[in-house]
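Okay, protein-v4.cif now, which holds mmCIF, C-alpha atoms:
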```
data_data
loop_
_atom_site.label_atom_id
_atom_site.label_comp_id
_atom_site.auth_asym_id
_atom_site.auth_seq_id
_atom_site.Cartn_x
_atom_site.Cartn_y
_atom_site.Cartn_z
CA MET A 464 -75.89 240.06 66.45
CA MET A 465 -72.21 240.91 66.15
CA ASP A 466 -72.98 242.85 63.01
CA ILE A 467 -75.55 244.96 64.81
CA LEU A 468 -73.12 245.77 67.60
CA PHE A 469 -69.79 246.11 65.83
CA GLY A 470 -70.69 246.41 62.17
CA THR A 471 -69.10 244.33 59.47
CA ILE A 472 -65.52 243.55 60.36
CA ARG A 473 -63.04 243.74 57.56
CA PRO A 474 -61.43 240.41 56.72
CA ILE A 475 -57.75 240.88 57.45
CA LEU A 476 -56.44 239.10 54.36
CA SER A 477 -58.58 240.82 51.79
CA CYS A 478 -58.13 244.24 53.37
CA LYS A 479 -56.49 246.27 50.68
CA PRO A 480 -53.53 248.36 51.80
CA ILE A 481 -53.90 252.08 51.64
CA SER A 482 -51.76 253.23 48.79
CA PHE A 483 -50.82 256.85 48.43
CA GLU A 484 -50.68 256.85 44.69
CA MET A 485 -52.19 259.73 42.79
CA ASP A 486 -54.84 257.74 40.85
CA SER A 487 -56.21 255.64 43.68
CA PHE A 488 -57.08 258.60 45.86
CA THR A 489 -58.22 261.25 43.44
CA THR A 490 -61.07 258.97 42.42
CA SER A 491 -62.13 258.42 46.02
CA VAL A 492 -62.17 262.09 47.01
CA SER A 493 -65.75 263.30 47.20
CA PRO A 494 -66.10 266.88 45.90
CA ARG A 495 -67.86 268.95 48.54
CA THR A 496 -71.17 270.71 47.94
CA LEU A 497 -71.02 274.15 49.45
CA LEU A 498 -73.85 275.86 51.27
CA PRO A 499 -75.31 278.80 49.33
CA SER A 500 -73.40 282.08 49.42
CA SER A 501 -73.96 285.40 47.72
CA VAL A 502 -71.89 288.32 46.50
CA ILE A 503 -73.45 291.78 46.29
CA PHE A 504 -72.16 295.32 45.76
CA SER A 505 -72.81 297.64 48.62
CA GLU A 506 -73.08 301.23 47.45
CA ALA A 507 -72.94 302.72 50.92
CA THR A 508 -69.43 301.50 51.61
CA GLU A 509 -68.44 301.07 47.94
CA SER A 510 -67.24 297.55 48.53
CA TRP A 511 -68.26 294.03 47.57
CA VAL A 512 -69.93 292.02 50.30
CA ALA A 513 -69.67 288.23 50.34
CA THR A 514 -72.35 286.61 52.49
CA VAL A 515 -71.94 283.03 53.63
CA ASN A 516 -74.43 280.66 55.26
CA THR A 517 -72.80 279.02 58.25
CA SER A 518 -75.39 276.59 59.57
CA GLN A 519 -76.85 273.81 57.48
CA LYS A 520 -79.43 272.87 60.11
CA ILE A 521 -80.88 276.35 60.32
CA LEU A 522 -80.82 276.68 56.55
CA ASP A 523 -82.79 273.47 56.10
CA SER A 524 -85.33 274.41 58.73
CA LYS A 525 -86.45 277.26 56.40
CA ASN A 526 -86.80 279.64 59.31
CA VAL A 527 -86.07 283.03 57.80
CA GLU A 528 -85.49 284.81 61.10
CA GLU A 529 -83.06 282.20 62.39
CA SER A 530 -81.23 281.77 59.11
CA SER A 531 -80.47 285.47 58.89
CA LYS A 532 -78.65 285.13 62.21
CA ALA A 533 -76.47 282.36 60.83
CA LEU A 534 -75.19 284.51 57.97
CA ARG A 535 -71.69 285.96 58.01
CA ALA A 536 -70.66 288.82 55.80
CA PHE A 537 -67.22 289.99 54.67
CA SER A 538 -66.56 293.14 52.70
CA VAL A 539 -63.66 293.39 50.25
CA PRO A 540 -62.73 296.01 47.62
CA THR A 541 -63.08 294.00 44.38
CA LYS A 542 -65.61 291.58 42.97
CA LYS A 543 -63.09 288.86 42.25
CA GLN A 544 -61.87 288.81 45.83
CA ALA A 545 -65.45 288.59 47.05
CA MET A 546 -66.13 285.63 44.77
CA CYS A 547 -62.99 283.86 45.95
CA LEU A 548 -63.82 284.61 49.56
CA ALA A 549 -67.37 283.30 49.26
CA ARG A 550 -66.11 280.13 47.62
CA ALA A 551 -63.39 279.60 50.18
CA TRP A 552 -65.47 280.32 53.25
CA ALA A 553 -68.83 278.68 52.44
CA PRO A 554 -68.96 275.50 54.53
CA PRO A 555 -69.68 272.12 52.94
CA ARG A 556 -73.01 270.33 53.17
CA MET A 557 -72.85 267.27 55.41
CA TYR A 558 -74.17 264.00 54.00
CA PRO A 559 -77.13 262.72 56.09
CA PHE A 560 -76.37 259.68 58.24
CA SER A 561 -79.69 258.05 57.31
CA SER A 562 -78.84 257.66 53.64
CA ASN A 563 -75.20 256.66 54.23
CA PRO A 564 -75.14 253.39 56.22
CA LYS A 565 -71.54 252.64 55.23
CA CYS A 566 -68.22 254.33 55.88
CA PHE A 567 -67.15 256.30 52.82
CA ILE A 568 -63.51 255.27 53.12
CA CYS A 569 -63.43 251.65 54.28
CA GLU A 570 -67.03 250.75 53.36
CA THR A 571 -67.84 248.97 56.61
CA GLN A 572 -71.36 249.06 57.99
CA PHE A 573 -72.02 251.44 60.89
CA ALA A 574 -73.36 249.83 64.06
CA VAL A 575 -73.86 250.43 67.77
CA PHE A 576 -70.13 250.46 68.55
CA ARG A 577 -69.00 251.74 65.18
CA ARG A 578 -70.36 255.23 65.09
CA ALA A 579 -70.41 257.49 62.11
CA CYS A 580 -69.03 261.01 62.07
CA HIS A 581 -68.76 263.69 59.43
CA CYS A 582 -65.62 264.84 57.69
CA ARG A 583 -65.57 268.58 58.40
CA ASN A 584 -63.78 269.31 55.15
CA CYS A 585 -65.98 267.45 52.64
CA GLY A 586 -68.99 266.21 54.63
CA VAL A 587 -68.84 262.47 53.97
CA CYS A 588 -69.82 259.95 56.66
CA MET A 589 -66.94 257.90 58.01
CA CYS A 590 -66.09 255.66 60.94
CA SER A 591 -63.65 256.78 63.63
CA VAL A 592 -60.93 254.44 62.30
CA CYS A 593 -60.81 256.37 59.03
CA ALA A 594 -60.82 259.77 60.74
CA VAL A 595 -57.69 261.90 61.02
CA GLN A 596 -57.55 264.74 63.51
CA TRP A 597 -56.61 268.20 62.39
CA PRO A 598 -56.13 271.34 64.44
CA SER A 599 -59.13 273.53 63.78
CA LYS A 600 -57.08 276.38 62.31
CA MET A 601 -56.46 274.27 59.22
CA LEU A 602 -60.09 274.87 58.25
CA PRO A 603 -61.82 278.23 57.67
CA ALA A 604 -63.63 279.45 60.78
CA THR A 605 -67.06 279.07 59.16
CA TYR A 606 -66.48 275.32 58.70
CA ASN A 607 -66.11 274.85 62.43
CA ILE A 608 -69.43 276.07 63.82
CA LYS A 609 -69.10 274.05 67.01
CA SER A 610 -65.73 275.82 67.55
CA GLU A 611 -63.84 272.66 68.44
CA ASP A 612 -60.07 272.66 68.93
CA VAL A 613 -59.55 269.48 66.95
CA VAL A 614 -61.71 268.50 63.98
CA LYS A 615 -62.14 265.11 62.31
CA ILE A 616 -61.19 264.80 58.67
CA CYS A 617 -61.48 261.83 56.35
CA ARG A 618 -58.25 260.21 55.14
CA ALA A 619 -58.88 261.21 51.55
CA CYS A 620 -58.94 264.92 52.45
CA ASP A 621 -55.87 264.49 54.65
CA TRP A 622 -53.99 262.85 51.81
CA LEU A 623 -55.17 265.56 49.42
CA CYS A 624 -53.92 268.33 51.72
CA SER A 625 -50.46 266.82 52.16
CA ALA A 626 -50.17 266.03 48.45
CA PHE A 627 -51.10 269.61 47.58
CA ARG A 628 -48.53 270.92 50.04
CA LEU A 629 -45.84 268.72 48.54
CA ALA A 630 -46.78 269.78 45.02
CA LEU A 631 -46.36 273.43 46.09
CA LEU A 632 -43.06 272.72 47.80
CA HIS A 633 -41.71 270.96 44.72
CA GLY A 634 -42.98 273.69 42.43
CA ASP A 635 -45.09 271.19 40.48
CA TYR A 636 -47.57 273.47 38.69
CA ASP A 637 -49.67 270.85 36.87
CA LYS A 638 -50.06 268.59 39.87
CA ALA A 639 -51.07 271.47 42.13
CA ILE A 640 -53.73 272.60 39.64
CA ALA A 641 -55.00 269.02 39.27
CA LEU A 642 -55.27 268.57 43.02
CA HIS A 643 -56.98 271.93 43.43
CA ALA A 644 -59.55 270.89 40.80
CA THR A 645 -60.95 268.33 43.27
CA GLU A 646 -62.30 271.42 45.13
CA ASN A 647 -61.46 270.06 48.58
CA VAL A 648 -58.29 272.08 49.06
CA ASN A 649 -58.34 275.13 51.34
CA LEU A 650 -56.10 277.91 50.09
CA THR A 651 -56.68 280.49 52.79
CA THR A 652 -55.75 278.38 55.80
CA PRO A 653 -52.31 277.25 56.97
CA PHE A 654 -51.01 273.72 56.79
CA ALA A 655 -50.36 272.79 60.38
CA ASN A 656 -48.84 270.05 62.48
CA ILE A 657 -46.17 269.06 60.05
CA LYS A 658 -43.35 267.66 62.05
CA GLY A 659 -39.67 267.91 61.37
CA GLU A 660 -39.92 270.61 58.77
CA VAL A 661 -38.48 274.04 59.27
CA LEU A 662 -40.19 276.73 57.27
CA MET B 303 -41.23 248.38 75.24
CA SER B 304 -39.54 250.61 77.78
CA TYR B 305 -42.57 250.30 80.07
CA LEU B 306 -42.22 246.53 80.07
CA PHE B 307 -38.53 246.80 80.82
CA CYS B 308 -39.24 249.01 83.81
CA CYS B 309 -41.98 246.78 85.16
CA ASP B 310 -39.80 243.70 84.93
CA ASN B 311 -37.02 245.23 86.93
CA ASN B 312 -39.30 246.91 89.47
CA LYS B 313 -37.87 250.27 88.64
CA ILE B 314 -40.78 252.44 89.50
CA ASP B 315 -38.88 255.71 89.30
CA LEU B 316 -37.75 254.99 85.73
CA PHE B 317 -41.30 254.02 84.86
CA ILE B 318 -42.54 257.39 86.06
CA VAL B 319 -39.84 259.18 84.11
CA TYR B 320 -40.85 257.39 80.93
CA LEU B 321 -44.49 258.11 81.61
CA PHE B 322 -43.77 261.80 81.99
CA LEU B 323 -41.64 261.82 78.89
CA ASN B 324 -44.53 260.36 76.95
CA LEU B 325 -46.98 262.83 78.40
CA PHE B 326 -44.56 265.57 77.47
CA GLN B 327 -44.50 264.40 73.87
CA PHE B 328 -48.27 264.11 73.91
CA TYR B 329 -48.55 267.69 75.14
CA PHE B 330 -46.22 268.94 72.47
CA TYR B 331 -48.00 267.01 69.76
CA PHE B 332 -51.10 269.09 70.27
CA ASN B 333 -49.56 272.39 71.18
CA VAL B 334 -46.55 272.89 68.97
CA CYS B 335 -47.38 272.74 65.35
CA TYR B 336 -45.39 274.20 62.55
CA ASP B 337 -47.81 275.91 60.26
CA SER B 338 -47.29 277.60 56.96
CA TYR B 339 -49.73 279.00 54.44
CA PRO B 340 -49.99 277.69 50.87
CA VAL B 341 -48.31 280.86 49.60
CA HIS B 342 -45.28 280.17 51.78
CA CYS B 343 -45.00 276.68 50.34
CA ALA B 344 -45.28 278.07 46.82
CA VAL B 345 -42.48 280.57 47.50
CA LEU B 346 -40.35 277.82 49.00
CA GLY B 347 -41.00 275.71 45.92
CA GLY B 348 -39.67 278.58 43.85
CA ASN B 349 -42.24 278.34 41.06
CA LEU B 350 -43.32 281.86 40.11
CA SER B 351 -46.23 280.74 37.92
CA LEU B 352 -47.63 278.73 40.83
CA LEU B 353 -47.35 281.73 43.13
CA LYS B 354 -49.05 283.94 40.54
CA TRP B 355 -51.83 281.38 40.16
CA LEU B 356 -52.38 281.37 43.93
CA ILE B 357 -52.33 285.12 44.36
CA ASP B 358 -53.91 286.41 41.15
CA GLU B 359 -56.41 283.65 40.31
CA ASN B 360 -57.38 282.53 43.78
CA CYS B 361 -56.85 285.76 45.72
CA CYS B 362 -54.77 284.25 48.51
CA PRO B 363 -54.13 286.88 51.16
CA LEU B 364 -50.67 288.46 51.32
CA ARG B 365 -51.06 290.66 54.35
CA SER B 366 -53.31 290.40 57.33
CA ILE B 367 -55.48 293.30 58.36
CA ARG B 368 -57.90 293.34 61.18
CA VAL B 369 -61.43 292.80 59.96
CA GLY B 370 -64.57 293.77 61.81
CA ARG B 371 -65.39 296.30 64.48
CA GLY B 372 -61.94 296.50 66.02
CA GLY B 373 -60.13 297.57 62.87
CA SER B 374 -59.75 301.30 62.52
CA LYS B 375 -58.10 303.06 59.59
CA ALA B 376 -54.86 303.56 61.48
CA THR B 377 -54.42 299.94 62.52
CA ASN B 378 -55.31 298.70 59.06
CA ASP B 379 -52.63 300.84 57.44
CA ILE B 380 -49.85 299.14 59.36
CA TYR B 381 -48.27 296.54 57.15
CA THR B 382 -48.47 293.10 58.77
CA PRO B 383 -47.24 290.31 56.53
CA ILE B 384 -48.60 286.80 57.09
CA LEU B 385 -46.03 284.68 58.85
CA THR B 386 -45.22 281.04 59.33
CA SER B 387 -44.87 279.70 62.85
CA PHE B 388 -41.16 280.48 62.58
CA LYS B 389 -42.02 284.16 62.02
CA ARG B 390 -40.87 284.08 58.43
CA SER B 391 -42.63 286.17 55.86
CA LEU B 392 -42.90 285.57 52.11
CA LEU B 393 -40.12 288.03 51.33
CA HIS B 394 -37.90 286.49 53.97
CA ILE B 395 -38.19 283.04 52.41
CA ALA B 396 -37.74 284.33 48.87
CA LEU B 397 -34.69 286.39 49.86
CA SER B 398 -33.02 283.61 51.80
CA LYS B 399 -33.56 281.21 48.89
CA LYS B 400 -32.40 283.94 46.45
CA TYR B 401 -35.43 283.59 44.18
CA ILE B 402 -34.94 286.96 42.50
CA ASP B 403 -37.97 286.68 40.19
CA ILE B 404 -40.28 286.04 43.14
CA VAL B 405 -38.78 288.92 45.11
CA ARG B 406 -39.33 291.17 42.10
CA TYR B 407 -42.93 290.00 41.73
CA LEU B 408 -43.71 290.59 45.41
CA VAL B 409 -41.99 293.96 45.69
CA VAL B 410 -42.84 295.52 42.32
CA GLU B 411 -46.21 294.06 41.41
CA LYS B 412 -47.64 293.34 44.85
CA HIS B 413 -46.11 296.40 46.58
CA MET B 414 -44.70 294.57 49.56
CA PRO B 415 -42.37 296.96 51.37
CA LEU B 416 -38.89 295.53 51.68
CA CYS B 417 -38.09 297.93 54.51
CA ALA B 418 -40.76 296.39 56.74
CA GLU B 419 -38.81 293.13 56.75
CA MET B 420 -35.59 294.83 57.82
CA LYS B 421 -35.68 293.60 61.41
CA ASP B 422 -35.69 289.92 60.51
CA ILE B 423 -33.47 289.71 57.46
CA PRO B 424 -29.74 289.71 58.11
CA ILE B 425 -27.66 292.11 56.05
CA GLU B 426 -25.68 289.20 54.56
CA THR B 427 -28.81 287.84 52.89
CA LEU B 428 -29.50 291.21 51.33
CA VAL B 429 -25.95 291.50 50.06
CA GLU B 430 -26.09 288.00 48.61
CA ASN B 431 -29.32 288.87 46.84
CA LEU B 432 -27.80 292.05 45.49
CA ASP B 433 -24.93 289.94 44.26
CA THR B 434 -27.33 287.64 42.41
CA VAL B 435 -29.19 290.60 40.93
CA LEU B 436 -25.96 292.13 39.70
CA ARG B 437 -24.99 288.88 38.05
CA ILE B 438 -28.31 288.77 36.21
CA LEU B 439 -28.36 292.45 35.21
CA PRO B 440 -25.77 292.61 32.41
CA LYS B 441 -27.57 289.83 30.58
CA GLU B 442 -30.78 291.83 30.53
CA SER B 443 -29.21 295.07 29.38
CA ALA B 444 -27.32 293.22 26.64
CA GLN B 445 -30.62 291.97 25.21
CA GLY B 446 -31.62 295.53 24.49
CA SER B 447 -34.85 297.37 25.09
CA THR B 448 -36.85 295.07 22.83
CA SER B 449 -37.28 292.36 25.44
CA ALA B 450 -40.63 292.34 27.15
CA GLU B 451 -39.10 291.68 30.52
CA MET B 452 -37.27 294.97 30.52
CA SER B 453 -40.40 297.06 30.32
CA THR B 454 -41.96 295.28 33.27
CA SER B 455 -38.88 295.37 35.41
CA SER B 456 -37.88 298.92 34.59
CA THR B 457 -38.65 300.20 38.07
CA PHE B 458 -36.60 297.46 39.62
CA ARG B 459 -33.68 298.15 37.35
CA ALA B 460 -33.78 301.83 38.07
CA SER B 461 -33.23 301.25 41.74
CA VAL B 462 -30.31 298.89 41.20
CA GLU B 463 -28.51 300.80 38.48
CA PRO B 464 -26.42 303.05 40.73
CA GLU B 465 -24.92 299.89 42.24
CA ASP B 466 -24.14 298.53 38.85
CA SER B 467 -22.09 301.54 37.86
CA SER B 468 -20.00 301.43 41.04
CA GLY B 469 -19.47 297.71 40.68
CA VAL B 470 -18.87 297.14 44.36
CA ASN B 471 -21.51 295.94 46.74
CA ARG B 472 -20.87 297.55 50.06
CA VAL B 473 -23.19 297.66 53.01
CA GLU B 474 -23.98 301.32 52.39
CA ASP B 475 -25.15 300.43 48.93
CA VAL B 476 -27.69 298.02 50.32
CA SER B 477 -29.12 300.66 52.58
CA LEU B 478 -29.34 302.96 49.56
CA ILE B 479 -31.44 300.39 47.73
CA GLN B 480 -33.69 300.03 50.67
CA ARG B 481 -34.25 303.72 50.98
CA GLU B 482 -35.15 303.94 47.33
CA MET B 483 -37.50 301.02 47.56
CA SER B 484 -39.18 302.26 50.68
CA CYS B 485 -40.23 305.53 49.09
CA ARG B 486 -41.89 303.73 46.22
CA ALA B 487 -43.44 300.72 47.85
CA VAL B 488 -46.65 301.67 49.59
CA PRO B 489 -48.68 299.05 51.43
CA ASP B 490 -51.85 298.42 49.46
CA SER B 491 -55.19 297.35 50.81
CA ASP B 492 -55.99 294.92 48.01
CA PHE B 493 -55.61 291.81 50.04
CA VAL B 494 -57.69 290.89 52.99
CA SER B 495 -57.30 287.98 55.28
CA ILE B 496 -59.68 287.04 57.97
CA GLY B 497 -58.98 285.07 61.10
#
```
Write-out of the structure in structure tokens:
Amino acid sequence: MMDILFGTIRPILSCKPISFEMDSFTTSVSPRTLLPSSVIFSEATESWVATVNTSQKILDSKNVEESSKALRAFSVPTKKQAMCLARAWAPPRMYPFSSNPKCFICETQFAVFRRACHCRNCGVCMCSVCAVQWPSKMLPATYNIKSEDVVKICRACDWLCSAFRLALLHGDYDKAIALHATENVNLTTPFANIKGEVL
Amino acid sequence: MSYLFCCDNNKIDLFIVYLFLNLFQFYFYFNVCYDSYPVHCAVLGGNLSLLKWLIDENCCPLRSIRVGRGGSKATNDIYTPILTSFKRSLLHIALSKKYIDIVRYLVVEKHMPLCAEMKDIPIETLVENLDTVLRILPKESAQGSTSAEMSTSSTFRASVEPEDSSGVNRVEDVSLIQREMSCRAVPDSDFVSIG
């Protein structure tokens, strides 16, 4: 009965501490699957147009009329910029709640009072204990279709973002490239809400 | 703990003060955030190869232009650098840290106009940078024209050379450099940022 209401409670003694070492977290970061995007050359304006799907629900409903409304297009002068833009602005696919009964981070069972939510950056299902709040400007605008002020992010993505920022600040080339290879780092959005640091 | 202390001593007024202080912090936690883009962090880190990787490989935006219906040709031509929450641009950070190679990369290869930053950068910073450049310069010219760096930085050298011959860095000299740079550096429309 307790399990149905509150989910499995972590035993306090065997609860492993969250370590912020490089190896322990890079394995637990789930690479995001992006919604389809396209890059075409528009001859009328002589520019490259990157088109991005913004809504996963409408895309899955296979309604052509509706899905064309959910598209967003950006035009840039070169092909490379358009490719980068499409990759950076295509939102991630959210994992369905039905096939993920456990929290991705702490692996406790979801229940009536332990609700699941999605990480807006990578799409995994997590419980509210493992969620970190970010100001919405830290994500590209297409990620935030509900236009919330504060979005929920899993701890792995939060760690990844701060580690990437530190790698940049220390000028650590190899580490920055390695962290970017996990594909969950946003390069076009600012790092926000960092206290005590004057930039 | 301070709440408990107040309750124990029946000091309601202090309790309210603490409560308001906490609310104040809470308000600031959500409203004041210091934000900086990845490119700013890379410039602050001082690693040129990292900055090149961000800008050339991943097309990070360097200037913001208005995208969409509102942006006309005239408004798009105005150079607006992306700023941190402390209103510092990339060139500002690079100049204040005296990372000459990054300044060269931004001004010469990415065509960022140095004159557009004039309002925010104090003249002392510019003179200090000129000082650093002058210290580096004789080394380069002693290597001869065979070095690969010389061919890439020829434009930069040309603008600094008059200073080198005079040997003194006066304030007028700095303005001379800026005038020379401003006529060459044109804002380009290569980089687009949205938001």
Query - Point-to-point distance in Å for CA of Ala549 (chain A) and CA of Phe654 (chain A) - result: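 For CA of Phe654 (chain A) relative to CA of Ala549 (chain A), the distance reads 20.4 Å.
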Using all atoms listed in the file and a cut-off of 9 Å, which residues of chain A sit close to chain B? Please list them as a PDB file with C-alpha atoms, in the frame of the given file.
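Dumped to selection12.pdb:
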```
ATOM      1  CA  PHE A 537     -67.220 289.990  54.670  1.00  0.00           C
ATOM      2  CA  SER A 538     -66.560 293.140  52.700  1.00  0.00           C
ATOM      3  CA  VAL A 539     -63.660 293.390  50.250  1.00  0.00           C
ATOM      4  CA  PRO A 540     -62.730 296.010  47.620  1.00  0.00           C
ATOM      5  CA  THR A 541     -63.080 294.000  44.380  1.00  0.00           C
ATOM      6  CA  LYS A 543     -63.090 288.860  42.250  1.00  0.00           C
ATOM      7  CA  GLN A 544     -61.870 288.810  45.830  1.00  0.00           C
ATOM      8  CA  CYS A 547     -62.990 283.860  45.950  1.00  0.00           C
ATOM      9  CA  LEU A 548     -63.820 284.610  49.560  1.00  0.00           C
ATOM     10  CA  PRO A 598     -56.130 271.340  64.440  1.00  0.00           C
ATOM     11  CA  LYS A 600     -57.080 276.380  62.310  1.00  0.00           C
ATOM     12  CA  MET A 601     -56.460 274.270  59.220  1.00  0.00           C
ATOM     13  CA  PRO A 603     -61.820 278.230  57.670  1.00  0.00           C
ATOM     14  CA  ALA A 604     -63.630 279.450  60.780  1.00  0.00           C
ATOM     15  CA  PHE A 627     -51.100 269.610  47.580  1.00  0.00           C
ATOM     16  CA  ARG A 628     -48.530 270.920  50.040  1.00  0.00           C
ATOM     17  CA  LEU A 629     -45.840 268.720  48.540  1.00  0.00           C
ATOM     18  CA  ALA A 630     -46.780 269.780  45.020  1.00  0.00           C
ATOM     19  CA  LEU A 631     -46.360 273.430  46.090  1.00  0.00           C
ATOM     20  CA  LEU A 632     -43.060 272.720  47.800  1.00  0.00           C
ATOM     21  CA  HIS A 633     -41.710 270.960  44.720  1.00  0.00           C
ATOM     22  CA  GLY A 634     -42.980 273.690  42.430  1.00  0.00           C
ATOM     23  CA  ASP A 635     -45.090 271.190  40.480  1.00  0.00           C
ATOM     24  CA  TYR A 636     -47.570 273.470  38.690  1.00  0.00           C
ATOM     25  CA  ALA A 639     -51.070 271.470  42.130  1.00  0.00           C
ATOM     26  CA  ILE A 640     -53.730 272.600  39.640  1.00  0.00           C
ATOM     27  CA  ASN A 649     -58.340 275.130  51.340  1.00  0.00           C
ATOM     28  CA  LEU A 650     -56.100 277.910  50.090  1.00  0.00           C
ATOM     29  CA  THR A 651     -56.680 280.490  52.790  1.00  0.00           C
ATOM     30  CA  THR A 652     -55.750 278.380  55.800  1.00  0.00           C
ATOM     31  CA  PRO A 653     -52.310 277.250  56.970  1.00  0.00           C
ATOM     32  CA  PHE A 654     -51.010 273.720  56.790  1.00  0.00           C
ATOM     33  CA  ALA A 655     -50.360 272.790  60.380  1.00  0.00           C
ATOM     34  CA  ASN A 656     -48.840 270.050  62.480  1.00  0.00           C
ATOM     35  CA  ILE A 657     -46.170 269.060  60.050  1.00  0.00           C
ATOM     36  CA  LYS A 658     -43.350 267.660  62.050  1.00  0.00           C
ATOM     37  CA  GLY A 659     -39.670 267.910  61.370  1.00  0.00           C
ATOM     38  CA  GLU A 660     -39.920 270.610  58.770  1.00  0.00           C
ATOM     39  CA  VAL A 661     -38.480 274.040  59.270  1.00  0.00           C
ATOM     40  CA  LEU A 662     -40.190 276.730  57.270  1.00  0.00           C
TER      41      LEU A 662
END
```
Query raised in the report: Do you know which residues the PyMOL selection byres ((chain A and resi 510) around 9) returns on this file, as a list in words?
Result: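 Given this file, the PyMOL selection byres ((chain A and resi 510) around 9) evaluates to Ile503, Phe504, Ser505, Glu506, Ala507, Thr508, Glu509, Trp511, Val512, Ser538, Val539, Pro540, Thr541 and Lys542 of chain A.
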Report task. Identify which of the residues A:Ala553, A:Cys566, A:Val595, A:Leu623 lies closest to Asn607 (chain A), counting all atoms listed in the file when measuring atom-to-atom distances. Result ->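 With all atoms listed in the file as the atom set, the closest residue is A:Ala553.
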Can you translate the PyMOL selection byres ((chain A and resi 642) around 9) into the concrete residues it hits in this file, as a JSON list (two decimals) with C-alpha atoms, keeping the file's coordinate frame?
```
[["chain", "number", "residue", "atom", "x", "y", "z"],
["A", 489, "THR", "CA", -58.22, 261.25, 43.44],
["A", 623, "LEU", "CA", -55.17, 265.56, 49.42],
["A", 624, "CYS", "CA", -53.92, 268.33, 51.72],
["A", 626, "ALA", "CA", -50.17, 266.03, 48.45],
["A", 627, "PHE", "CA", -51.10, 269.61, 47.58],
["A", 630, "ALA", "CA", -46.78, 269.78, 45.02],
["A", 637, "ASP", "CA", -49.67, 270.85, 36.87],
["A", 638, "LYS", "CA", -50.06, 268.59, 39.87],
["A", 639, "ALA", "CA", -51.07, 271.47, 42.13],
["A", 640, "ILE", "CA", -53.73, 272.60, 39.64],
["A", 641, "ALA", "CA", -55.00, 269.02, 39.27],
["A", 643, "HIS", "CA", -56.98, 271.93, 43.43],
["A", 644, "ALA", "CA", -59.55, 270.89, 40.80],
["A", 645, "THR", "CA", -60.95, 268.33, 43.27],
["A", 646, "GLU", "CA", -62.30, 271.42, 45.13],
["A", 647, "ASN", "CA", -61.46, 270.06, 48.58],
["A", 648, "VAL", "CA", -58.29, 272.08, 49.06]]
```
Query raised in the report: Could you work out how far CA of Val592 (chain A) lies from CA of Trp552 (chain A), giving the answer in Å with one decimal?
Result: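 Separation between CA of Trp552 (chain A) and CA of Val592 (chain A): 27.8 Å.
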Report task. Measuring atom to atom with only C-alpha atoms, identify which of B:Lys400, B:Arg406, B:His394, B:Arg437 is nearest to Lys421 (chain B). Result ->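 Between B:Lys400, B:Arg406, B:His394, B:Arg437, the residue approaching Lys421 (chain B) most closely is B:His394.
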Requested in this report: Any chance you could resolve the PyMOL selection byres ((chain A and resi 560) around 9) against this file and give the residues as a list of chain:residue names?
Outcome: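 Those residues are A:Met557, A:Tyr558, A:Pro559, A:Ser561, A:Ser562, A:Asn563, A:Pro564, A:Ala579, A:Cys580, A:His581, A:Cys588.
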I need the chosen residues saved as a tab-separated table (two decimals), in the coordinates of the input, with C-alpha atoms.
```tsv
chain	number	residue	atom	x	y	z
A	557	MET	CA	-72.85	267.27	55.41
A	558	TYR	CA	-74.17	264.00	54.00
A	559	PRO	CA	-77.13	262.72	56.09
A	561	SER	CA	-79.69	258.05	57.31
A	562	SER	CA	-78.84	257.66	53.64
A	563	ASN	CA	-75.20	256.66	54.23
A	564	PRO	CA	-75.14	253.39	56.22
A	579	ALA	CA	-70.41	257.49	62.11
A	580	CYS	CA	-69.03	261.01	62.07
A	581	HIS	CA	-68.76	263.69	59.43
A	588	CYS	CA	-69.82	259.95	56.66
```
Query raised in the report: Restricting the calculation to all atoms listed in the file, which member of B:Glu426, B:Asp433, B:Glu411, B:Glu419 is positioned closest to Lys354 (chain B)?
Result: B:Glu411
Query - Nearest-residue call for Arg550 (chain A), choices A:Ala536, A:Val613, A:Leu497, A:Ala619, using only C-alpha atoms - result: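 For Arg550 (chain A), the nearest of the given residues is A:Leu497.
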Query raised in the report: What's the 8 Å shell around Val405 (chain B), counting all atoms listed in the file, without same-chain residues fewer than 6 positions away, as a ChimeraX atom specification?
Result: /B:393,396-397
